[in-house]
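K.L.:
I'd like to ask some things about the structure below.
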There are 2 protein chains.
Amino acid sequence: MRVGIVGATGAVGRELVDVLGRRAFPVTSLRLFASARSAGTKTKTPFGEVEIEEFSDAAVRDLDLALLAVSGDFAKAHAPKMVEAGVTVVDNSSAFRLHDNVPLVVPEVNASAIGPARLIANPNCTTAILVVALEPLRQAFGLKRVIVSTYQAASGAGAEGMAELERETRRVLVDGAKPQAEVFRWPLAFNVIPQIDVFQPNGYTKEEMKVVWESRKIMGMPDLPISCTAVRIPTMRVHAEAVTIETERPVTPETAREVLRRAAGVKVVDDPEHGLYPMPINATGQDDIEAGRIRANPVFGDHGLDFFLCGDQLLKGAALNAVQIAERLPGLARKAA
Amino acid sequence: MRVGIVGATGAVGRELVDVLGRRAFPVTSLRLFASARSAGTKTKTPFGEVEIEEFSDAAVRDLDLALLAVSGDFAKAHAPKMVEAGVTVVDNSSAFRLHDNVPLVVPEVNASAIGPARLIANPNCTTAILVVALEPLRQAFGLKRVIVSTYQAASGAGAEGMAELERETRRVLVDGAKPQAEVFRWPLAFNVIPQIDVFQPNGYTKEEMKVVWESRKIMGMPDLPISCTAVRIPTMRVHAEAVTIETERPVTPETAREVLRRAAGVKVVDDPEHGLYPMPINATGQDDIEAGRIRANPVFGDHGLDFFLCGDQLLKGAALNAVQIAERLPGLARKAA
């Protein structure tokens with residue numbers, strides 16, 4: 001299969017190359033596209049050395065599959081042309097996620113939504129990590145209310161975000177100077193920023209509303225009462241989430257733990273006695289999201305549950321989920337066979 | 001007034017000296033007590049140079065007021081003897097907080113609870129920061145449910161915690177080595193640890209249950225449904241809290257903002273359009289807690305409210321609140337006059 005990655009030099013683009021390789025995706029040719037600035041650079045991949053090409057609509061026309069790790073504006077401008085040219089597109093941006101005729105997919109939850117679509121949207125990172133744990137709990141106990149607070153890593157702002165956190169932390173510790181901010185709105189080193197993406201008229205940020213809108217669409221619960229507080233913290237690439245749910249039917253930590261143990265894409269890490277619970281230092285580079293701190297929340301009587309999630313923002317939150325979608329594209333599977 | 005600080009060389013002890021000075025507390029003599037290791041060291045204070053003394057029950061007998069910044073075990077062993085000797089004690093530890101005959105006080109909320117008590121408990125830092133905002137909202141709208149997720153700084157583990165975070169962050173960035181952990185259970189640099197204090201049989205940590213138990217006692221709501229997820233993150237000395245409440249009566253962000261603007265000890269920082277909301281970089285060293293991100297939470301219909309708090313863990317979360325309690329001790333106020 002002729003696969004192209006658009007936005008190949010970013011944090012997600014680089015992970016896409018890696019994930020395609022270690023999952024042995026049936027790549028016959030891999031092409032990497034970026035801006036003119038990077039074009040001509042050669043890079044080693046699991047599929048041999050590849051020279052980065054400057055993106056153009058013409059250049060990507062003969063791909064079978066394009067994985068997009070670009071901005072929403074870029075995706076809006078170019079993805080439809082690719083689809084028209086016969087390319088199947090998995091888009092990591094928010095551009096098409098809420099379009100009625102574009103499936104928004106987390107394969108563990110709604111793989112069947114892919115159908116014959118040739119443009120599939122990859123959800124927001126926080127959403128992808130959340131619904132992998134939420135869906136099995138919904139199936140087992142029903143969902144009445146969901147309240148999420150996030151602890152989001154610098155990688156959510158791409159390679160530049162991670163570089164800024166590292167550089168500015170160094171500036172504080174080594175130079176004893178005040179940290180600066182360019183990628184983030186405020187300095188992130190030793191700080192907490194309760195704003196990710198722009199504010200909406202209802203006082204929530206767009207990141208927070210993405211979690212609301214996208215979780216509802218992926219789980220097929222258009223009216224689910226769900227709220228989010230999205231907070232950037234000084235970690236590198238794993239998002240953590242403190243989740244409180246009210247269920248339709250009674251729930252216990254034991255039954256919830258059992259449900260999550262059987263769930264695809266979830267690793268239960270929940271042994272408080274031995275200090276084991278989800279943490280970024282362990283979840284980094286892991287495909288499965290970690291779920292732990294599973295406990296009854298008496299605020300909702302015997303229908304309340306609290307848990308804590310950690311997921312690699314660049315993997316399940318982005319590149320891994322995109323490749324998992326691609327693995328399930330029926331047309332491509334046939335073509336590749 | 002003859003004032004002594006026990007545990008004077010710790011992070012809270014040092015803040016106590018500073019707060020007494022800048023609030024012009026009526027100190028006639030200031031004595032500083034610590035372990036034998038620090039005894040003999042001279043330290044500059046707003047009340048002149050003071051030589052640190054080794055603590056003993058005999059040494060503190062003739063104080064009027066003792067401010068304790070020591071462990072719960074130490075407080076349990078020595079505070080009752082001080083009270084017996086005629087010393088009024090404000091204890092920062094958890095030793096007596098839930099004792100029926102010991103007032104647990106956040107002056108903005110329940111100053112009147114002090115009464116004639118000679119042993120007063122200072123609450124857990126997360127609780128103190130929370131109830132300053134929660135109480136005025138309770139008075140205005142009633143409280144039906146409270147759900148809190150915290151973002152707690154290294155200072156909660158004292159000066160050693162802050163030093164470890166700094167040292168281990170440097171180890172990662174400068175030496176390119178793996179971070180170590182001694183004070184914290186796991187390395188905190190670029191990590192998130194969803195455990196503070198020990199686990200309870202119900203799956204919550206003691207820190208989380210302190211927020212539950214102490215908030216109920218301070219606000220006089222013994223049955224308030226309230227839950228907490230307490231998380232240590234790599235910041236230095238400000239705790240942040242994402243709070244969701246369900247109120248008894250309808251609430252709007254506008255009315256809630258107005259209520260919090262009038263509340264003592266609260267500074268409303270809530271101008272999303274200009275990127276203004278509570279953040280550790282601004283709340284560090286500030287007496288008032290910052291409240292912002294105030295918005296309606298539709299998960300609870302028109303009875304839901306979300307907000308975000310930041311408070312200096314060493315000030316309102318510890319030293320400042322202790323001195324504010326001392327300022328309201330009626331007996332002492334008379335003695336000092």
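To be explicit about the labels: the chains of the structure tokens are called A, B, and onward in the order shown, and within each one the residues are counted from 1, while ligands get numbers from 1 in the order they are shown.
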Determine, using only C-alpha atoms, which residues of chain A have any atom at most 7 Å from an atom of chain B, and tabulate each with its shortest atom pair and distance in Å to one decimal place, rows ordered by chain and then rising number, as a tab-separated table.
P.N.:
```
residue	atom	partner	partner_atom	distance
A:Arg145	CA	B:Val299	CA	6.5
A:Ser149	CA	B:Ser149	CA	6.6
A:Arg170	CA	B:Leu173	CA	6.9
A:Leu173	CA	B:Arg170	CA	6.9
A:Phe190	CA	B:Thr235	CA	4.3
A:Asn191	CA	B:Pro280	CA	5.5
A:Val192	CA	B:Met279	CA	5.9
A:Ile193	CA	B:Met279	CA	6.2
A:Phe199	CA	B:Pro272	CA	6.8
A:Gly203	CA	B:Arg295	CA	5.5
A:Pro225	CA	B:Val299	CA	4.8
A:Ile226	CA	B:Val299	CA	5.9
A:Ser227	CA	B:Val299	CA	6.5
A:Thr229	CA	B:Ala242	CA	7.0
A:Pro234	CA	B:Phe190	CA	6.1
A:Thr235	CA	B:Phe190	CA	4.3
A:Met236	CA	B:Phe190	CA	6.4
A:Ala242	CA	B:Ser149	CA	6.9
A:Pro272	CA	B:Phe199	CA	6.8
A:Met279	CA	B:Val192	CA	5.9
A:Pro280	CA	B:Asn191	CA	5.5
A:Ile281	CA	B:Asn191	CA	6.0
A:Arg295	CA	B:Gly203	CA	5.5
A:Asn297	CA	B:Ser227	CA	6.8
A:Val299	CA	B:Pro225	CA	4.8
```
K.L.:
Write out, as an mmCIF file, in the first residue's frame, the residues just selected, with N, CA, C and O atoms.
P.N.:
```cif
data_model
loop_
_atom_site.group_PDB
_atom_site.id
_atom_site.type_symbol
_atom_site.label_atom_id
_atom_site.label_comp_id
_atom_site.auth_asym_id
_atom_site.auth_seq_id
_atom_site.Cartn_x
_atom_site.Cartn_y
_atom_site.Cartn_z
ATOM 1 N N ARG A 145 -23.794 10.658 34.060
ATOM 2 C CA ARG A 145 -23.023 11.914 34.100
ATOM 3 C C ARG A 145 -21.532 11.591 34.066
ATOM 4 O O ARG A 145 -21.109 10.591 34.653
ATOM 5 N N SER A 149 -11.360 16.042 34.824
ATOM 6 C CA SER A 149 -10.321 17.077 34.955
ATOM 7 C C SER A 149 -9.041 16.504 34.365
ATOM 8 O O SER A 149 -8.668 15.379 34.690
ATOM 9 N N ARG A 170 14.899 24.612 31.927
ATOM 10 C CA ARG A 170 16.350 24.807 32.036
ATOM 11 C C ARG A 170 16.681 26.276 32.362
ATOM 12 O O ARG A 170 17.554 26.563 33.165
ATOM 13 N N LEU A 173 16.011 26.722 36.083
ATOM 14 C CA LEU A 173 16.873 25.965 36.994
ATOM 15 C C LEU A 173 18.345 26.294 36.831
ATOM 16 O O LEU A 173 19.079 26.407 37.811
ATOM 17 N N PHE A 190 7.123 24.679 35.767
ATOM 18 C CA PHE A 190 6.680 24.767 37.170
ATOM 19 C C PHE A 190 5.374 25.547 37.306
ATOM 20 O O PHE A 190 5.110 26.168 38.315
ATOM 21 N N ASN A 191 4.561 25.516 36.269
ATOM 22 C CA ASN A 191 3.284 26.234 36.299
ATOM 23 C C ASN A 191 2.164 25.303 35.834
ATOM 24 O O ASN A 191 2.402 24.156 35.431
ATOM 25 N N VAL A 192 0.964 25.800 35.892
ATOM 26 C CA VAL A 192 -0.248 25.089 35.490
ATOM 27 C C VAL A 192 -1.063 26.111 34.698
ATOM 28 O O VAL A 192 -1.238 27.237 35.166
ATOM 29 N N ILE A 193 -1.501 25.750 33.502
ATOM 30 C CA ILE A 193 -2.250 26.692 32.663
ATOM 31 C C ILE A 193 -3.640 26.127 32.397
ATOM 32 O O ILE A 193 -3.782 25.167 31.638
ATOM 33 N N PHE A 199 -11.198 30.132 24.047
ATOM 34 C CA PHE A 199 -12.417 30.107 24.856
ATOM 35 C C PHE A 199 -13.665 30.169 23.981
ATOM 36 O O PHE A 199 -13.683 30.822 22.932
ATOM 37 N N GLY A 203 -17.820 29.797 28.245
ATOM 38 C CA GLY A 203 -16.803 29.836 29.296
ATOM 39 C C GLY A 203 -15.865 28.642 29.292
ATOM 40 O O GLY A 203 -14.848 28.639 29.975
ATOM 41 N N PRO A 225 -24.631 14.008 29.502
ATOM 42 C CA PRO A 225 -24.139 15.123 30.320
ATOM 43 C C PRO A 225 -22.679 14.876 30.692
ATOM 44 O O PRO A 225 -22.377 13.975 31.475
ATOM 45 N N ILE A 226 -21.794 15.635 30.106
ATOM 46 C CA ILE A 226 -20.353 15.456 30.330
ATOM 47 C C ILE A 226 -19.688 16.816 30.336
ATOM 48 O O ILE A 226 -20.014 17.685 29.530
ATOM 49 N N SER A 227 -18.787 17.027 31.287
ATOM 50 C CA SER A 227 -18.061 18.298 31.352
ATOM 51 C C SER A 227 -16.587 18.025 31.569
ATOM 52 O O SER A 227 -16.203 16.959 32.050
ATOM 53 N N THR A 229 -12.620 19.973 32.557
ATOM 54 C CA THR A 229 -11.688 21.072 32.827
ATOM 55 C C THR A 229 -10.341 20.622 32.291
ATOM 56 O O THR A 229 -9.790 19.621 32.765
ATOM 57 N N PRO A 234 3.290 20.807 33.495
ATOM 58 C CA PRO A 234 4.656 20.623 32.970
ATOM 59 C C PRO A 234 5.114 19.163 32.930
ATOM 60 O O PRO A 234 6.030 18.766 33.642
ATOM 61 N N THR A 235 4.460 18.361 32.107
ATOM 62 C CA THR A 235 4.927 17.010 31.796
ATOM 63 C C THR A 235 5.147 16.947 30.282
ATOM 64 O O THR A 235 4.728 17.844 29.556
ATOM 65 N N MET A 236 5.793 15.874 29.810
ATOM 66 C CA MET A 236 6.244 15.852 28.418
ATOM 67 C C MET A 236 5.228 15.280 27.419
ATOM 68 O O MET A 236 4.909 15.925 26.442
ATOM 69 N N ALA A 242 -8.519 12.761 35.634
ATOM 70 C CA ALA A 242 -9.280 12.342 36.818
ATOM 71 C C ALA A 242 -10.743 12.338 36.402
ATOM 72 O O ALA A 242 -11.283 13.377 36.011
ATOM 73 N N PRO A 272 -2.944 -0.005 44.952
ATOM 74 C CA PRO A 272 -2.511 1.078 45.835
ATOM 75 C C PRO A 272 -1.558 0.609 46.931
ATOM 76 O O PRO A 272 -0.619 1.318 47.281
ATOM 77 N N MET A 279 0.694 6.503 35.896
ATOM 78 C CA MET A 279 1.590 7.667 35.985
ATOM 79 C C MET A 279 2.252 7.898 34.629
ATOM 80 O O MET A 279 2.584 6.933 33.927
ATOM 81 N N PRO A 280 2.495 9.162 34.275
ATOM 82 C CA PRO A 280 3.177 9.457 33.001
ATOM 83 C C PRO A 280 4.511 8.721 32.838
ATOM 84 O O PRO A 280 4.801 8.239 31.735
ATOM 85 N N ILE A 281 5.309 8.605 33.906
ATOM 86 C CA ILE A 281 6.630 7.958 33.714
ATOM 87 C C ILE A 281 6.486 6.516 33.234
ATOM 88 O O ILE A 281 7.388 5.991 32.608
ATOM 89 N N ARG A 295 -12.383 3.618 42.404
ATOM 90 C CA ARG A 295 -13.001 3.605 43.736
ATOM 91 C C ARG A 295 -14.431 4.130 43.646
ATOM 92 O O ARG A 295 -14.778 4.860 42.719
ATOM 93 N N ASN A 297 -17.442 6.446 44.331
ATOM 94 C CA ASN A 297 -17.590 7.849 44.711
ATOM 95 C C ASN A 297 -18.959 8.044 45.351
ATOM 96 O O ASN A 297 -19.979 8.084 44.663
ATOM 97 N N VAL A 299 -20.485 10.455 46.424
ATOM 98 C CA VAL A 299 -21.244 11.650 46.037
ATOM 99 C C VAL A 299 -22.450 11.249 45.172
ATOM 100 O O VAL A 299 -23.468 11.945 45.153
#
```
K.L.:
Could you give me, as a PyMOL selection string, each residue of segment 177-219 of chain B that DSSP assigns to helix (DSSP H, G or I) when run on this structure's backbone?
P.N.:
chain B and resi 206-219
K.L.:
Could you check which of A:Glu208, A:Asp91, A:Glu51, A:Asp57 is closest to Val70 of chain A, using only C-alpha atoms?
P.N.:
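Of A:Glu208, A:Asp91, A:Glu51, A:Asp57, the one nearest Val70 of chain A, counting only C-alpha atoms, is A:Asp91.
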K.L.:
Using DSSP assignments from the backbone, pull out every residue in segment 121-326 of chain A that falls under strand (DSSP E) and give it to me as an NGL selection string.
P.N.:
:A and (121 or 143-151 or 226-229 or 238-247 or 266-268 or 289-296 or 304-312)
K.L.:
Can you tell me which residues surround Ala322 of chain B at a distance of at most 12 Å, considering only C-alpha atoms, apart from same-chain residues fewer than 3 positions away, and format the answer as an MDAnalysis selection string?
P.N.:
chainID B and resid 5 12:13 15:17 19:20 25 65:69 89:93 104:107 111 119:125 128 314:319 325:329
K.L.:
To one decimal in Å, tell me the separation between atom CA of Leu320 of chain B and atom CA of Thr126 of chain B.
P.N.:
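Spanning atom CA of Leu320 of chain B to atom CA of Thr126 of chain B is a straight-line distance of 13.7 Å.
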K.L.:
Which residues are near Asp288 of chain B? Cut-off 9 Å, only C-alpha atoms, ignore same chain within fewer than 6 positions. Put them as a PDB file with C-alpha atoms, in the first residue's frame.
P.N.:
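part16.pdb was written with the following content:
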```
ATOM      1  CA  ALA B 264     -12.792  37.809  52.020  1.00  0.00           C
ATOM      2  CA  GLY B 265      -9.582  35.984  51.110  1.00  0.00           C
ATOM      3  CA  VAL B 266     -10.602  35.455  47.479  1.00  0.00           C
ATOM      4  CA  LYS B 267      -9.315  37.315  44.439  1.00  0.00           C
ATOM      5  CA  GLY B 311      -3.622  29.167  46.498  1.00  0.00           C
ATOM      6  CA  ASP B 312      -0.157  29.385  47.980  1.00  0.00           C
ATOM      7  CA  LEU B 315       0.486  30.784  52.993  1.00  0.00           C
ATOM      8  CA  LYS B 316      -3.308  30.307  52.996  1.00  0.00           C
TER       9      LYS B 316
END
```
K.L.:
So that I can check the surroundings of Asp64 of chain A, please list as a PDB file with all heavy atoms, in the first residue's frame every protein, DNA and RNA residue that reaches within 8 Å of it, counting only C-alpha atoms and ignoring chain neighbours fewer than 3 positions away.
P.N.:
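The new file around_5.pdb reads:
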```pdb
ATOM      1  N   MET A   1       0.845  -1.199   0.000  1.00  0.00           N
ATOM      2  CA  MET A   1       0.000   0.000   0.000  1.00  0.00           C
ATOM      3  C   MET A   1       0.880   1.249   0.000  1.00  0.00           C
ATOM      4  O   MET A   1       1.859   1.319   0.736  1.00  0.00           O
ATOM      5  CB  MET A   1      -0.868  -0.019   1.262  1.00  0.00           C
ATOM      6  CG  MET A   1      -1.969   1.005   1.228  1.00  0.00           C
ATOM      7  SD  MET A   1      -2.839   0.981   2.795  1.00  0.00           S
ATOM      8  CE  MET A   1      -3.145  -0.767   2.973  1.00  0.00           C
ATOM      9  N   ARG A   2       0.503   2.210  -0.846  1.00  0.00           N
ATOM     10  CA  ARG A   2       1.289   3.445  -0.938  1.00  0.00           C
ATOM     11  C   ARG A   2       0.793   4.417   0.124  1.00  0.00           C
ATOM     12  O   ARG A   2      -0.312   4.957   0.016  1.00  0.00           O
ATOM     13  CB  ARG A   2       1.141   4.039  -2.341  1.00  0.00           C
ATOM     14  CG  ARG A   2       1.725   3.131  -3.443  1.00  0.00           C
ATOM     15  CD  ARG A   2       1.228   3.533  -4.810  1.00  0.00           C
ATOM     16  NE  ARG A   2      -0.221   3.472  -4.905  1.00  0.00           N
ATOM     17  CZ  ARG A   2      -0.922   3.839  -5.971  1.00  0.00           C
ATOM     18  NH1 ARG A   2      -0.310   4.316  -7.029  1.00  0.00           N
ATOM     19  NH2 ARG A   2      -2.234   3.746  -5.968  1.00  0.00           N
ATOM     20  N   VAL A   3       1.606   4.607   1.145  1.00  0.00           N
ATOM     21  CA  VAL A   3       1.196   5.406   2.301  1.00  0.00           C
ATOM     22  C   VAL A   3       1.983   6.705   2.343  1.00  0.00           C
ATOM     23  O   VAL A   3       3.199   6.707   2.126  1.00  0.00           O
ATOM     24  CB  VAL A   3       1.430   4.617   3.615  1.00  0.00           C
ATOM     25  CG1 VAL A   3       1.019   5.458   4.828  1.00  0.00           C
ATOM     26  CG2 VAL A   3       0.673   3.300   3.592  1.00  0.00           C
ATOM     27  N   GLY A  86      -8.958  10.085  -4.980  1.00  0.00           N
ATOM     28  CA  GLY A  86      -8.962   8.643  -4.730  1.00  0.00           C
ATOM     29  C   GLY A  86      -8.127   8.196  -3.545  1.00  0.00           C
ATOM     30  O   GLY A  86      -7.959   7.000  -3.304  1.00  0.00           O
ATOM     31  N   VAL A  87      -7.583   9.161  -2.801  1.00  0.00           N
ATOM     32  CA  VAL A  87      -6.774   8.820  -1.627  1.00  0.00           C
ATOM     33  C   VAL A  87      -7.702   8.654  -0.424  1.00  0.00           C
ATOM     34  O   VAL A  87      -8.620   9.448  -0.243  1.00  0.00           O
ATOM     35  CB  VAL A  87      -5.756   9.944  -1.321  1.00  0.00           C
ATOM     36  CG1 VAL A  87      -4.835   9.531  -0.179  1.00  0.00           C
ATOM     37  CG2 VAL A  87      -4.967  10.315  -2.571  1.00  0.00           C
ATOM     38  N   THR A  88      -7.482   7.633   0.390  1.00  0.00           N
ATOM     39  CA  THR A  88      -8.198   7.529   1.651  1.00  0.00           C
ATOM     40  C   THR A  88      -7.407   8.305   2.701  1.00  0.00           C
ATOM     41  O   THR A  88      -6.181   8.173   2.788  1.00  0.00           O
ATOM     42  CB  THR A  88      -8.361   6.060   2.085  1.00  0.00           C
ATOM     43  OG1 THR A  88      -9.154   5.394   1.089  1.00  0.00           O
ATOM     44  CG2 THR A  88      -9.064   5.966   3.431  1.00  0.00           C
ATOM     45  N   LEU A 332      -8.909  -0.822   1.836  1.00  0.00           N
ATOM     46  CA  LEU A 332      -7.456  -0.902   1.824  1.00  0.00           C
ATOM     47  C   LEU A 332      -6.989  -2.299   2.167  1.00  0.00           C
ATOM     48  O   LEU A 332      -6.039  -2.813   1.598  1.00  0.00           O
ATOM     49  CB  LEU A 332      -6.889   0.102   2.829  1.00  0.00           C
ATOM     50  CG  LEU A 332      -7.036   1.553   2.385  1.00  0.00           C
ATOM     51  CD1 LEU A 332      -6.537   2.470   3.469  1.00  0.00           C
ATOM     52  CD2 LEU A 332      -6.267   1.794   1.091  1.00  0.00           C
TER      53      LEU A 332
END
```
K.L.:
Would you mind listing what lies within 9 Å of Val109 of chain B as a list in words, with only C-alpha atoms counted and same-chain residues fewer than 4 positions away left out?
P.N.:
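Result of the neighbour search: Val105, Val131, Val132, Glu135, Pro136, Ile218 and Met219 of chain B.
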K.L.:
Just the residues within 9 Å of Phe184 of chain A, please, counting only C-alpha atoms, with nothing from its chain fewer than 4 positions along; format it as a list in words.
P.N.:
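The neighbour list is Ala154, Ala157, Gly161, Glu164, Leu188, Ile193 and Ile196 of chain A.
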K.L.:
What is the atom CA of Val6 of chain B to atom CA of Ser215 of chain B distance in Å?
P.N.:
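Computing it gives 25.8 Å between the two atoms.
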K.L.:
For the atom pair atom CA of Leu30 of chain A and atom CA of Thr43 of chain A, what is the interatomic distance in Å to one decimal place?
P.N.:
11.5 Å
K.L.:
So, with only C-alpha atoms as the atoms that count, which of A:Glu160, A:Asp175, A:Glu290, A:Glu248 lies closest to Leu130 of chain A?
P.N.:
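Closest candidate: A:Glu290.
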